[in-house]
>>> print(open('work-v5.cif').read())   # mmCIF, C-alpha atoms (C1' of nucleotides)
data_query
#
loop_
_atom_site.label_atom_id
_atom_site.label_comp_id
_atom_site.auth_asym_id
_atom_site.auth_seq_id
_atom_site.Cartn_x
_atom_site.Cartn_y
_atom_site.Cartn_z
CA MET A 1 -5.98 -3.81 -0.73
CA LEU A 2 -5.67 -5.46 2.62
CA ARG A 3 -2.29 -6.91 1.79
CA LEU A 4 0.58 -6.98 4.23
CA SER A 5 3.83 -5.38 3.22
CA LYS A 6 6.81 -7.21 1.83
CA LYS A 7 8.81 -6.24 4.87
CA ALA A 8 6.27 -8.05 6.99
CA ASP A 9 6.52 -11.07 4.69
CA TYR A 10 10.28 -11.09 5.06
CA ALA A 11 9.95 -10.72 8.80
CA LEU A 12 7.70 -13.74 9.03
CA MET A 13 10.06 -15.80 6.88
CA ALA A 14 12.96 -14.87 9.10
CA MET A 15 11.03 -15.63 12.25
CA LYS A 16 10.12 -19.05 10.98
CA HIS A 17 13.69 -19.67 9.90
CA LEU A 18 14.99 -18.77 13.33
CA ALA A 19 12.29 -20.83 15.03
CA LEU A 20 13.32 -23.88 13.06
CA ARG A 21 16.92 -23.33 13.97
CA GLY A 22 15.93 -23.35 17.60
CA ASP A 23 18.72 -23.10 20.13
CA ARG A 24 21.45 -24.23 17.79
CA GLY A 25 23.30 -20.93 17.41
CA SER A 26 22.18 -17.82 15.60
CA SER A 27 21.76 -16.86 11.96
CA SER A 28 23.25 -13.79 10.32
CA ALA A 29 21.23 -11.43 8.15
CA ARG A 30 23.29 -12.49 5.17
CA GLU A 31 22.57 -16.15 5.73
CA ILE A 32 18.82 -15.68 5.88
CA ALA A 33 18.73 -13.23 3.00
CA GLU A 34 20.62 -15.54 0.69
CA GLN A 35 18.53 -18.54 1.55
CA TYR A 36 15.29 -16.85 0.57
CA ASP A 37 16.55 -14.51 -2.19
CA ILE A 38 15.88 -11.37 -0.21
CA PRO A 39 18.00 -8.21 -0.68
CA ILE A 40 20.54 -8.33 2.13
CA GLU A 41 20.29 -4.75 3.28
CA LEU A 42 16.54 -4.89 3.38
CA MET A 43 16.57 -8.10 5.35
CA ALA A 44 19.00 -6.49 7.77
CA LYS A 45 16.71 -3.53 8.24
CA VAL A 46 13.77 -5.78 8.99
CA LEU A 47 15.76 -7.79 11.50
CA GLN A 48 16.94 -4.65 13.24
CA ARG A 49 13.38 -3.54 13.61
CA LEU A 50 12.46 -6.87 15.15
CA VAL A 51 15.28 -6.44 17.64
CA GLN A 52 14.07 -2.96 18.56
CA ARG A 53 10.62 -4.36 19.22
CA GLY A 54 11.99 -7.09 21.40
CA LEU A 55 11.11 -10.06 19.22
CA LEU A 56 14.71 -10.91 18.40
CA ALA A 57 18.02 -10.76 20.21
CA SER A 58 21.09 -9.72 18.26
CA HIS A 59 24.75 -10.33 18.77
CA GLN A 60 27.30 -8.20 16.97
CA GLY A 61 30.75 -9.13 15.82
CA THR A 62 32.32 -11.74 13.60
CA ARG A 63 30.21 -14.70 14.66
CA GLY A 64 27.20 -12.61 15.51
CA GLY A 65 23.65 -12.93 14.27
CA TYR A 66 20.06 -13.06 15.37
CA GLN A 67 17.92 -15.43 17.38
CA LEU A 68 14.46 -15.44 18.86
CA SER A 69 14.14 -13.66 22.17
CA ARG A 70 11.27 -15.88 23.34
CA GLN A 71 9.70 -19.25 22.76
CA PRO A 72 8.05 -19.36 19.32
CA ARG A 73 4.86 -20.40 21.08
CA LEU A 74 4.74 -17.03 22.81
CA MET A 75 4.91 -14.90 19.68
CA THR A 76 2.18 -14.46 17.10
CA VAL A 77 2.11 -13.22 13.55
CA ALA A 78 0.19 -10.23 14.85
CA ASP A 79 3.21 -9.32 16.96
CA VAL A 80 5.51 -9.54 13.97
CA ILE A 81 3.28 -7.58 11.63
CA GLN A 82 2.71 -4.82 14.15
CA ALA A 83 6.42 -4.67 14.91
CA ILE A 84 7.17 -4.00 11.26
CA ASP A 85 4.22 -2.04 9.93
CA GLY A 86 2.98 -0.42 13.11
CA PRO A 87 -0.47 -0.93 14.54
CA VAL A 88 -2.97 -2.65 12.28
CA THR A 89 -5.44 0.00 11.13
CA VAL A 90 -7.99 -1.32 8.70
CA THR A 91 -9.41 2.13 8.27
CA ALA A 92 -7.70 5.50 7.96
CA CYS A 93 -9.51 6.98 10.97
CA SER A 94 -7.31 5.25 13.49
CA SER A 95 -9.03 5.77 16.82
CA ASP A 96 -8.08 9.23 18.01
CA ASP A 97 -5.77 10.95 15.55
CA SER A 98 -8.27 11.66 12.83
CA GLN A 99 -6.26 12.39 9.72
CA CYS A 100 -9.25 11.25 7.71
CA ASP A 101 -11.16 13.97 5.87
CA GLN A 102 -14.42 12.17 6.43
CA TYR A 103 -13.91 11.67 10.13
CA ALA A 104 -16.85 13.85 11.15
CA LYS A 105 -19.31 12.42 8.67
CA CYS A 106 -18.12 8.84 8.39
CA ASN A 107 -20.90 6.38 9.01
CA VAL A 108 -18.99 3.11 9.00
CA ARG A 109 -16.26 3.84 11.49
CA ASP A 110 -17.60 1.88 14.40
CA PRO A 111 -18.63 -1.22 12.48
CA LEU A 112 -15.28 -1.35 10.74
CA TRP A 113 -13.56 -1.00 14.04
CA ARG A 114 -15.17 -4.23 15.09
CA VAL A 115 -14.02 -5.85 11.86
CA ARG A 116 -10.50 -4.74 12.73
CA GLU A 117 -10.80 -6.45 16.08
CA ARG A 118 -11.75 -9.68 14.39
CA ILE A 119 -8.85 -9.54 11.98
CA LEU A 120 -6.45 -8.78 14.79
CA ALA A 121 -7.82 -11.76 16.67
CA ALA A 122 -7.24 -13.97 13.65
CA LEU A 123 -3.65 -12.81 13.41
CA GLY A 124 -3.14 -13.15 17.13
CA GLU A 125 -4.17 -16.78 17.09
CA CYS A 126 -1.45 -17.91 14.75
CA THR A 127 1.81 -18.31 16.63
CA ILE A 128 5.30 -18.48 15.20
CA ALA A 129 5.47 -22.06 16.39
CA GLU A 130 2.42 -22.77 14.30
CA LEU A 131 4.20 -21.20 11.35
CA ALA A 132 7.30 -23.24 11.86
CA PHE A 133 6.08 -26.64 12.94
CA ASP A 134 3.07 -26.40 10.68
CA PRO A 135 0.23 -28.50 12.02
CA PRO A 136 -1.10 -29.77 8.69
CA GLN A 137 -4.41 -28.18 7.79
CA ALA A 138 -6.02 -31.58 8.09
CA ALA A 139 -6.27 -30.76 11.78
CA PRO A 140 -9.19 -28.35 11.84
CA ARG A 141 -8.53 -27.00 15.33
CA ALA A 142 -12.10 -27.73 16.45
CA ALA A 143 -13.32 -24.16 16.39
CA VAL A 144 -11.91 -20.69 16.68
CA LEU A 145 -12.97 -19.40 20.02
CA HIS A 146 -11.92 -16.09 21.33
CA THR A 147 -13.68 -14.05 23.92
CA ASN A 148 -12.42 -10.55 23.28
CA LEU A 149 -15.15 -9.54 20.88
CA MET B 1 -0.01 -2.36 6.13
CA LEU B 2 -3.17 -4.40 6.01
CA ARG B 3 -5.29 -1.35 5.44
CA LEU B 4 -8.14 -1.26 3.01
CA SER B 5 -8.13 1.39 0.32
CA LYS B 6 -10.03 4.65 0.47
CA LYS B 7 -12.10 3.51 -2.45
CA ALA B 8 -13.24 0.56 -0.41
CA ASP B 9 -14.02 2.90 2.48
CA TYR B 10 -16.12 5.07 0.22
CA ALA B 11 -17.83 2.01 -1.20
CA LEU B 12 -18.84 0.83 2.25
CA MET B 13 -20.13 4.28 3.17
CA ALA B 14 -22.22 4.36 0.02
CA MET B 15 -23.55 0.86 0.57
CA LYS B 16 -24.63 1.76 4.07
CA HIS B 17 -26.20 4.95 2.84
CA LEU B 18 -28.19 3.10 0.20
CA ALA B 19 -29.18 0.42 2.65
CA LEU B 20 -30.57 3.02 5.03
CA ARG B 21 -32.51 4.60 2.19
CA GLY B 22 -34.09 1.24 1.49
CA ASP B 23 -36.69 1.10 -1.24
CA ARG B 24 -37.50 4.78 -1.12
CA GLY B 25 -36.02 5.75 -4.49
CA SER B 26 -32.39 5.91 -5.49
CA SER B 27 -29.50 8.22 -4.63
CA SER B 28 -27.27 9.95 -7.14
CA ALA B 29 -23.52 9.92 -6.92
CA ARG B 30 -23.55 13.63 -6.25
CA GLU B 31 -25.94 13.29 -3.35
CA ILE B 32 -23.84 10.67 -1.59
CA ALA B 33 -20.56 12.40 -2.34
CA GLU B 34 -21.70 15.71 -0.92
CA GLN B 35 -23.12 14.16 2.20
CA TYR B 36 -19.82 12.56 3.15
CA ASP B 37 -17.35 15.07 1.66
CA ILE B 38 -16.07 12.70 -0.97
CA PRO B 39 -14.82 13.95 -4.38
CA ILE B 40 -17.79 13.52 -6.67
CA GLU B 41 -16.02 11.91 -9.60
CA LEU B 42 -14.24 9.45 -7.37
CA MET B 43 -17.46 8.48 -5.68
CA ALA B 44 -18.99 7.98 -9.11
CA LYS B 45 -16.17 5.73 -10.13
CA VAL B 46 -16.57 3.57 -7.06
CA LEU B 47 -20.31 3.30 -7.61
CA GLN B 48 -19.76 2.29 -11.21
CA ARG B 49 -17.52 -0.50 -10.12
CA LEU B 50 -20.13 -1.73 -7.71
CA VAL B 51 -22.63 -1.78 -10.54
CA GLN B 52 -20.28 -3.80 -12.72
CA ARG B 53 -19.89 -6.33 -9.95
CA GLY B 54 -23.61 -6.64 -9.51
CA LEU B 55 -23.88 -5.13 -6.05
CA LEU B 56 -25.72 -2.03 -7.22
CA ALA B 57 -28.22 -1.23 -9.92
CA SER B 58 -27.90 2.07 -11.78
CA HIS B 59 -30.41 4.16 -13.59
CA GLN B 60 -29.30 6.90 -15.96
CA GLY B 61 -31.03 10.10 -16.89
CA THR B 62 -32.24 13.15 -15.09
CA ARG B 63 -33.71 11.43 -12.09
CA GLY B 64 -31.31 8.53 -12.19
CA GLY B 65 -29.07 7.17 -9.47
CA TYR B 66 -28.05 4.02 -7.67
CA GLN B 67 -29.72 1.51 -5.43
CA LEU B 68 -28.87 -1.84 -3.93
CA SER B 69 -29.42 -4.79 -6.22
CA ARG B 70 -30.11 -7.18 -3.36
CA GLN B 71 -31.24 -7.25 0.24
CA PRO B 72 -28.57 -5.77 2.51
CA ARG B 73 -28.68 -8.99 4.50
CA LEU B 74 -27.37 -10.87 1.48
CA MET B 75 -24.26 -8.76 0.92
CA THR B 76 -21.17 -8.67 3.09
CA VAL B 77 -18.29 -6.26 3.49
CA ALA B 78 -16.14 -8.96 1.91
CA ASP B 79 -18.21 -8.69 -1.26
CA VAL B 80 -17.81 -4.92 -1.35
CA ILE B 81 -14.10 -4.96 -0.68
CA GLN B 82 -13.42 -7.61 -3.27
CA ALA B 83 -15.59 -5.78 -5.78
CA ILE B 84 -13.45 -2.67 -5.41
CA ASP B 85 -9.96 -3.92 -4.70
CA GLY B 86 -10.10 -7.32 -6.32
CA PRO B 87 -9.54 -10.58 -4.46
CA VAL B 88 -8.15 -10.26 -0.97
CA THR B 89 -4.56 -11.45 -1.10
CA VAL B 90 -2.77 -11.11 2.18
CA THR B 91 0.44 -12.26 0.59
CA ALA B 92 1.95 -11.47 -2.79
CA CYS B 93 2.07 -15.07 -3.91
CA SER B 94 -1.60 -15.22 -4.75
CA SER B 95 -2.34 -18.87 -5.29
CA ASP B 96 -1.24 -19.71 -8.80
CA ASP B 97 0.15 -16.64 -10.53
CA SER B 98 3.43 -16.38 -8.73
CA GLN B 99 4.67 -12.86 -9.32
CA CYS B 100 6.57 -13.15 -6.07
CA ASP B 101 10.32 -13.48 -6.37
CA GLN B 102 10.45 -15.74 -3.35
CA TYR B 103 7.76 -18.10 -4.59
CA ALA B 104 10.05 -21.10 -4.87
CA LYS B 105 11.79 -20.61 -1.55
CA CYS B 106 9.02 -19.06 0.50
CA ASN B 107 8.44 -20.96 3.71
CA VAL B 108 5.37 -19.20 5.04
CA ARG B 109 3.07 -19.37 2.07
CA ASP B 110 0.79 -22.12 3.25
CA PRO B 111 0.38 -20.91 6.83
CA LEU B 112 -0.36 -17.39 5.62
CA TRP B 113 -2.87 -18.77 3.22
CA ARG B 114 -4.79 -20.10 6.18
CA VAL B 115 -4.57 -16.71 7.86
CA ARG B 116 -6.06 -15.21 4.73
CA GLU B 117 -8.97 -17.63 4.98
CA ARG B 118 -9.63 -16.52 8.50
CA ILE B 119 -9.60 -12.86 7.59
CA LEU B 120 -11.90 -13.48 4.67
CA ALA B 121 -14.24 -15.31 7.00
CA ALA B 122 -14.25 -12.36 9.37
CA LEU B 123 -15.12 -10.00 6.53
CA GLY B 124 -17.73 -12.38 5.19
CA GLU B 125 -19.56 -12.44 8.50
CA CYS B 126 -20.31 -8.75 8.56
CA THR B 127 -23.26 -7.98 6.30
CA ILE B 128 -24.30 -4.63 4.92
CA ALA B 129 -27.41 -4.86 7.03
CA GLU B 130 -25.16 -5.17 10.06
CA LEU B 131 -23.31 -2.05 8.91
CA ALA B 132 -26.50 -0.10 8.42
CA PHE B 133 -28.74 -1.17 11.25
CA ASP B 134 -25.81 -1.41 13.60
CA PRO B 135 -26.49 -3.82 16.41
CA PRO B 136 -24.89 -1.73 19.16
CA GLN B 137 -21.68 -3.25 20.39
CA ALA B 138 -23.36 -3.69 23.75
CA ALA B 139 -24.75 -6.88 22.23
CA PRO B 140 -21.67 -9.09 22.21
CA ARG B 141 -23.06 -11.60 19.70
CA ALA B 142 -22.39 -14.48 22.09
CA ALA B 143 -19.35 -15.74 20.21
CA VAL B 144 -18.01 -15.73 16.73
CA LEU B 145 -18.62 -19.18 15.41
CA HIS B 146 -17.76 -20.18 11.91
CA THR B 147 -17.14 -23.67 10.73
CA ASN B 148 -15.18 -23.16 7.56
CA LEU B 149 -11.75 -23.26 9.14
"C1'" DG C 1 47.04 -4.54 16.96
"C1'" DT C 2 44.95 -5.30 12.82
"C1'" DA C 3 41.82 -7.26 9.63
"C1'" DA C 4 37.60 -9.49 8.79
"C1'" DT C 5 32.91 -9.84 9.62
"C1'" DA C 6 28.85 -8.65 12.01
"C1'" DT C 7 25.11 -5.54 13.51
"C1'" DC C 8 23.36 -0.66 13.55
"C1'" DG C 9 21.27 3.86 11.74
"C1'" DG C 10 20.51 7.32 8.81
"C1'" DA C 11 19.80 9.50 4.13
"C1'" DC C 12 18.70 8.70 -0.55
"C1'" DC C 13 16.51 6.96 -4.97
"C1'" DT C 14 12.76 4.95 -7.84
"C1'" DG C 15 8.69 2.80 -9.86
"C1'" DA C 16 3.96 1.22 -9.12
"C1'" DG C 17 -0.49 2.35 -7.85
"C1'" DA C 18 -3.84 4.80 -4.97
"C1'" DG C 19 -6.27 9.03 -5.16
"C1'" DG C 20 -8.00 12.37 -7.91
"C1'" DT C 21 -9.38 14.80 -12.65
"C1'" DC C 22 -11.26 15.57 -17.28
"C1'" DG C 23 -14.04 15.03 -21.32
"C1'" DG C 24 -17.54 12.25 -23.67
"C1'" DA C 25 -21.88 9.24 -24.07
"C1'" DC C 26 -26.33 8.27 -22.56
"C1'" DT C 27 -31.22 9.04 -20.71
"C1'" DT C 28 -35.00 11.63 -19.27
"C1'" DC C 29 -37.88 15.79 -18.83
"C1'" DC C 30 -39.89 19.96 -20.74
"C1'" DG D 1 -35.15 18.56 -30.06
"C1'" DG D 2 -32.50 20.67 -26.72
"C1'" DA D 3 -31.04 21.21 -22.09
"C1'" DA D 4 -30.13 19.27 -17.70
"C1'" DG D 5 -28.45 15.72 -15.30
"C1'" DT D 6 -26.51 11.42 -14.99
"C1'" DC D 7 -23.35 7.43 -15.90
"C1'" DC D 8 -18.98 5.94 -17.85
"C1'" DG D 9 -14.13 5.19 -19.30
"C1'" DA D 10 -9.53 7.13 -20.22
"C1'" DC D 11 -6.08 10.09 -18.30
"C1'" DC D 12 -2.95 12.40 -14.90
"C1'" DT D 13 -0.34 13.25 -10.48
"C1'" DC D 14 1.92 12.51 -6.35
"C1'" DT D 15 2.65 9.69 -2.37
"C1'" DC D 16 5.19 5.93 -0.34
"C1'" DA D 17 6.56 1.01 -0.09
"C1'" DG D 18 10.47 -1.34 -1.68
"C1'" DG D 19 15.02 -1.09 -2.38
"C1'" DT D 20 19.90 0.97 -2.26
"C1'" DC D 21 24.04 3.14 -0.41
"C1'" DC D 22 27.35 4.55 2.98
"C1'" DG D 23 29.48 5.27 7.27
"C1'" DA D 24 29.80 4.00 12.34
"C1'" DT D 25 30.25 0.61 15.88
"C1'" DA D 26 31.07 -3.87 18.00
"C1'" DT D 27 33.11 -8.46 18.30
"C1'" DT D 28 36.19 -12.13 17.13
"C1'" DA D 29 40.17 -14.54 14.71
"C1'" DC D 30 44.85 -14.37 13.83
#
>>> encode(input="work-v5.cif", output="structure tokens")
Amino acid sequence: MLRLSKKADYALMAMKHLALRGDRGSSSAREIAEQYDIPIELMAKVLQRLVQRGLLASHQGTRGGYQLSRQPRLMTVADVIQAIDGPVTVTACSSDDSQCDQYAKCNVRDPLWRVRERILAALGECTIAELAFDPPQAAPRAAVLHTNL
Amino acid sequence: MLRLSKKADYALMAMKHLALRGDRGSSSAREIAEQYDIPIELMAKVLQRLVQRGLLASHQGTRGGYQLSRQPRLMTVADVIQAIDGPVTVTACSSDDSQCDQYAKCNVRDPLWRVRERILAALGECTIAELAFDPPQAAPRAAVLHTNL
DNA sequence: GTAATATCGGACCTGAGAGGTCGGACTTCC
DNA sequence: GGAAGTCCGACCTCTCAGGTCCGATATTAC
């Protein structure tokens, strides 16, 4: 129902947490998990995935932990979501690999593909910095302009 | 993973089908289901739901069937999706009823709520008429301008 | 060197819900 | 009035997200 997974939720929470922490050391999986009441092992799994995808840097050992690999301004929620849940596919017929029974006869594939582009654009506009340092919604951001449609 | 359900897919296919048919009579569930290789009973169920939500009008009996209740210009994919899957909730903490364990400690609720608004806006822009009479993507629609952000 | 504390990576379990099915009620035509 | 054809609501099944467990590896403190 167009909802993002809990793992993605957790990932975004962790990203914001690490963004707020900034350059002052790293946070362990346990620390983050306890702060937000997230199962530790699950949080760890999510963080590992973010490392694999290059969004986080990890450091093993006693005083290890995780920290952002880039400036929070340079990472978007779209990056995080796609790192965790894979590519955003609004519809089952994802481009080429047609595991959809109706692929041949589907009449809404192309229009929905454009809808997907719009959603992806919306997610790509919101950066981690925006998550963390929260420009209050009173600032309406003038207009949402993006050219890739 | 931010994918809409198959029921919603089927609903959109049916809406487009009925829009193309226009005022020239109604289509039965069987007719639509067979055309797109959808299980008949499931298609029926989806159509019923659309009737309940006021998007379709149904007519029982031997020559019964379904037809749009309004002009296709006046219905959007957001309407259809919400009719089938309920309100679009990107995150688990849907506004008031907080069935999310992290509700109290969640730090990304408000920013994600704004993301939800954007997605909803994107879905609300695409009408059924646009689905059916498909302005070819060669026409770039100048830009996507919406003020409600 | 050893213990403590981290990150890693896989296999495994479980409950909710999407996807699909069945039987009954209703309306129209002959 | 009966048969054909439809809508309609309750029921079932099976996938998979969400969560758990365990062992391996790496780093640091003592």
>>> residues_near_point(input="work-v5.cif", point="(10.2, -14.9, 12.5)", cutoff="12 Å", atoms="all atoms listed in the file", output="mmCIF file with C-alpha atoms, in the coordinates of the input")
data_model
loop_
_atom_site.group_PDB
_atom_site.id
_atom_site.type_symbol
_atom_site.label_atom_id
_atom_site.label_comp_id
_atom_site.auth_asym_id
_atom_site.auth_seq_id
_atom_site.Cartn_x
_atom_site.Cartn_y
_atom_site.Cartn_z
ATOM 1 C CA LYS A 7 8.810 -6.240 4.870
ATOM 2 C CA ALA A 8 6.270 -8.050 6.990
ATOM 3 C CA ASP A 9 6.520 -11.070 4.690
ATOM 4 C CA TYR A 10 10.280 -11.090 5.060
ATOM 5 C CA ALA A 11 9.950 -10.720 8.800
ATOM 6 C CA LEU A 12 7.700 -13.740 9.030
ATOM 7 C CA MET A 13 10.060 -15.800 6.880
ATOM 8 C CA ALA A 14 12.960 -14.870 9.100
ATOM 9 C CA MET A 15 11.030 -15.630 12.250
ATOM 10 C CA LYS A 16 10.120 -19.050 10.980
ATOM 11 C CA HIS A 17 13.690 -19.670 9.900
ATOM 12 C CA LEU A 18 14.990 -18.770 13.330
ATOM 13 C CA ALA A 19 12.290 -20.830 15.030
ATOM 14 C CA LEU A 20 13.320 -23.880 13.060
ATOM 15 C CA ARG A 21 16.920 -23.330 13.970
ATOM 16 C CA GLY A 22 15.930 -23.350 17.600
ATOM 17 C CA SER A 27 21.760 -16.860 11.960
ATOM 18 C CA ILE A 32 18.820 -15.680 5.880
ATOM 19 C CA MET A 43 16.570 -8.100 5.350
ATOM 20 C CA VAL A 46 13.770 -5.780 8.990
ATOM 21 C CA LEU A 47 15.760 -7.790 11.500
ATOM 22 C CA ARG A 49 13.380 -3.540 13.610
ATOM 23 C CA LEU A 50 12.460 -6.870 15.150
ATOM 24 C CA VAL A 51 15.280 -6.440 17.640
ATOM 25 C CA GLY A 54 11.990 -7.090 21.400
ATOM 26 C CA LEU A 55 11.110 -10.060 19.220
ATOM 27 C CA LEU A 56 14.710 -10.910 18.400
ATOM 28 C CA ALA A 57 18.020 -10.760 20.210
ATOM 29 C CA TYR A 66 20.060 -13.060 15.370
ATOM 30 C CA GLN A 67 17.920 -15.430 17.380
ATOM 31 C CA LEU A 68 14.460 -15.440 18.860
ATOM 32 C CA SER A 69 14.140 -13.660 22.170
ATOM 33 C CA ARG A 70 11.270 -15.880 23.340
ATOM 34 C CA GLN A 71 9.700 -19.250 22.760
ATOM 35 C CA PRO A 72 8.050 -19.360 19.320
ATOM 36 C CA ARG A 73 4.860 -20.400 21.080
ATOM 37 C CA LEU A 74 4.740 -17.030 22.810
ATOM 38 C CA MET A 75 4.910 -14.900 19.680
ATOM 39 C CA THR A 76 2.180 -14.460 17.100
ATOM 40 C CA VAL A 77 2.110 -13.220 13.550
ATOM 41 C CA ALA A 78 0.190 -10.230 14.850
ATOM 42 C CA ASP A 79 3.210 -9.320 16.960
ATOM 43 C CA VAL A 80 5.510 -9.540 13.970
ATOM 44 C CA ILE A 81 3.280 -7.580 11.630
ATOM 45 C CA ALA A 83 6.420 -4.670 14.910
ATOM 46 C CA ILE A 84 7.170 -4.000 11.260
ATOM 47 C CA THR A 127 1.810 -18.310 16.630
ATOM 48 C CA ILE A 128 5.300 -18.480 15.200
ATOM 49 C CA ALA A 129 5.470 -22.060 16.390
ATOM 50 C CA GLU A 130 2.420 -22.770 14.300
ATOM 51 C CA LEU A 131 4.200 -21.200 11.350
ATOM 52 C CA ALA A 132 7.300 -23.240 11.860
ATOM 53 C CA ASN B 107 8.440 -20.960 3.710
ATOM 54 C CA VAL B 108 5.370 -19.200 5.040
#
>>> closest_residue(input="work-v5.cif", among="A:Leu112, A:Ile40, A:Ala33, A:Val90", to="chain B", atoms="only C-alpha atoms")
A:Val90
>>> atom_distance(input="work-v5.cif", atom1="C1' of DC22 (chain C)", atom2="C1' of DC7 (chain D)")
14.6 Å
>>> interface_residues(input="work-v5.cif", of="chain A", to="chain C", cutoff="7 Å", atoms="only C-alpha atoms (C1' of nucleotides)", output="number ranges by chain")
A: 60-64
>>> closest_atom_pairs(input="work-v5.cif", of="chain D", to="chain B", cutoff="8 Å", atoms="all atoms listed in the file", output="tab-separated table")
residue	atom	partner	partner_atom	distance
D:DA4	C1'	B:Thr62	CA	7.0
D:DG5	C1'	B:Thr62	CA	4.6
D:DT6	C1'	B:Gly61	CA	5.1
D:DC7	C1'	B:Gln60	CA	6.0
D:DC8	C1'	B:Gln48	CA	7.6
>>> resolve_selection(input="work-v5.cif", expression="the PyMOL selection byres ((chain B) within 6 of (chain A))", output="list in words")
Met1, Leu2, Arg3, Leu4, Ser5, Tyr36, Asp85, Thr89, Val90, Lys105, Pro111, Ile119 and Leu131 of chain B
>>> atom_distance(input="work-v5.cif", atom1="C1' of DC16 (chain D)", atom2="CA of Leu42 (chain A)")
16.1 Å
>>> atom_distance(input="work-v5.cif", atom1="CA of Gly25 (chain A)", atom2="C1' of DT25 (chain D)")
22.7 Å
>>> axis_aligned_box(input="work-v5.cif", around="region 6-17 of chain D", padding_each_side="3 Å", output="lines of an AutoDock Vina configuration file")
center_x = -10.0
center_y = 7.1
center_z = -10.2
size_x = 39.1
size_y = 18.2
size_z = 26.1
